[in-house]
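**Q** Pasting input-v4.txt below, which is compact mmCIF, C-alpha atoms.
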# COMPACT_ATOMS: atom_id res chain seq x y z
CA SER A 1 0.00 0.00 0.00
CA GLY A 2 2.85 2.40 0.84
CA SER A 3 4.74 1.64 -2.34
CA ILE A 4 1.63 2.24 -4.46
CA LEU A 5 1.05 5.57 -2.71
CA GLY A 6 4.68 6.55 -3.24
CA PHE A 7 4.49 5.58 -6.91
CA ALA A 8 1.27 7.61 -7.35
CA MET A 9 2.91 10.65 -5.74
CA ALA A 10 5.96 10.31 -7.99
CA CYS A 11 3.73 10.06 -11.08
CA SER A 12 1.75 13.08 -9.96
CA ASN A 13 4.89 15.17 -9.40
CA THR A 14 6.35 14.06 -12.72
CA PHE A 15 3.13 14.93 -14.53
CA GLY A 16 3.09 18.38 -12.92
CA LEU A 17 6.70 19.13 -13.81
CA VAL A 18 6.32 17.92 -17.40
CA THR A 19 3.09 19.86 -17.86
CA GLY A 20 4.66 23.01 -16.42
CA ALA A 21 7.69 22.73 -18.68
CA PHE A 22 5.41 22.10 -21.67
CA LEU A 23 3.28 25.17 -20.93
CA LEU A 24 6.31 27.38 -20.35
CA GLY A 25 7.67 26.27 -23.69
CA PHE A 26 4.47 27.41 -25.39
CA GLY A 27 4.42 30.96 -24.11
CA LEU A 28 2.77 30.77 -20.72
CA SER A 29 5.75 32.73 -19.45
CA GLU A 30 5.02 35.59 -21.89
CA ILE A 31 2.25 36.97 -19.67
CA PRO A 32 4.53 37.65 -16.68
CA LYS A 33 7.21 39.02 -19.05
CA ASN A 34 4.74 41.50 -20.54
CA VAL A 35 3.52 42.55 -17.10
CA TRP A 36 7.13 43.07 -16.00
CA ARG A 37 8.00 45.08 -19.13
CA ASN A 38 4.87 47.22 -18.91
CA ALA A 39 5.62 48.08 -15.28
CA ASP A 40 8.63 50.18 -16.33
CA TRP A 41 7.11 53.51 -17.39
CA THR A 42 10.17 54.85 -19.22
CA THR A 43 10.43 51.76 -21.39
CA ARG A 44 6.69 51.75 -21.97
CA GLN A 45 6.81 55.41 -23.01
CA LYS A 46 9.61 54.69 -25.50
CA VAL A 47 7.72 51.77 -27.00
CA LEU A 48 4.50 53.78 -27.31
CA SER A 49 6.33 56.77 -28.78
CA HIS A 50 7.84 54.49 -31.41
CA LYS A 51 4.42 53.02 -32.22
CA ILE A 52 2.89 56.49 -32.50
CA ALA A 53 5.63 57.65 -34.85
CA LYS A 54 5.19 54.56 -37.01
CA MET A 55 1.42 55.06 -37.16
CA ALA A 56 1.89 58.75 -38.06
CA VAL A 57 4.08 57.74 -41.01
CA GLU A 58 1.49 55.18 -42.11
CA LEU A 59 -1.26 57.80 -41.80
CA ASP A 60 0.76 60.26 -43.88
CA ASP A 61 1.32 57.60 -46.56
CA ALA A 62 -2.39 56.78 -46.65
CA HIS A 63 -3.27 60.48 -46.92
CA GLN A 64 -0.80 60.86 -49.79
CA GLU A 65 -2.34 57.86 -51.59
CA LEU A 66 -5.82 59.32 -51.11
CA SER A 67 -4.71 62.70 -52.47
CA ASN A 68 -3.14 61.01 -55.49
CA ALA A 69 -6.32 59.03 -56.11
CA ILE A 70 -8.45 62.18 -55.92
CA VAL A 71 -6.17 63.98 -58.39
CA GLU A 72 -6.31 61.00 -60.75
CA VAL A 73 -10.11 60.76 -60.58
CA ASN A 74 -10.43 64.50 -61.15
CA SER A 75 -8.20 64.27 -64.22
CA ILE A 76 -10.27 61.41 -65.69
CA LEU A 77 -13.79 62.65 -64.93
CA PRO A 78 -15.08 66.18 -65.43
CA SER A 79 -15.97 68.05 -62.26
CA SER A 80 -19.64 68.21 -63.21
CA THR A 81 -19.83 64.42 -62.96
CA LEU A 82 -18.32 64.33 -59.50
CA MET A 83 -20.15 67.29 -57.97
CA PRO A 84 -23.20 68.31 -60.00
CA HIS A 85 -24.50 70.49 -57.18
CA ALA A 86 -21.33 72.63 -57.32
CA LEU A 87 -22.32 74.06 -60.72
CA GLU A 88 -25.59 75.53 -59.44
What would you get if you wrote out this structure as structure tokens?

**A**
Amino acid sequence: SGSILGFAMACSNTFGLVTGAFLLGFGLSEIPKNVWRNADWTTRQKVLSHKIAKMAVELDDAHQELSNAIVEVNSILPSSTLMPHALE
């Protein structure tokens, strides 16, 4: 009875260790890493400033594409087709 109990405890501990190692290998440790990184305000500010700058560049590129598309449409179609109410 004692040897069966000891064997069951060893299997249980082994299962727990293997499962823990398996989950850590698949990113379960990323949550505490992100919490730790986000706790440092100076680093968080640098990361967010970089993201904002990147998004501003993307916004500027999208605005430039829109402006180019508007110019192209205006060169193809007469203005009366696009805005008939503007001629009144």

**Q** Using atom CA of A:Ile52 and atom CA of A:Asp40 as the two end points, give the distance in Å to one decimal.

**A** 18.3 Å

**Q** Tell me, in Å to one decimal, how far atom CA of A:Gln45 is from atom CA of A:Pro32.

**A**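 Between these atoms lies a distance of 19.0 Å.
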
**Q** Quick one: distance from atom CA of A:Trp41 to atom CA of A:Met55 in Å, one decimal?

**A**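 So the answer is 20.6 Å.
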
**Q** Would you compute an axis-aligned box for stretch 58-69 of chain A, covering every atom listed for it in the file with 5 Å of margin on each side, and report centre and edge lengths in Å to one decimal as lines of an AutoDock Vina configuration file?

**A**
center_x = -2.4
center_y = 58.9
center_z = -49.0
size_x = 17.8
size_y = 17.5
size_z = 24.3
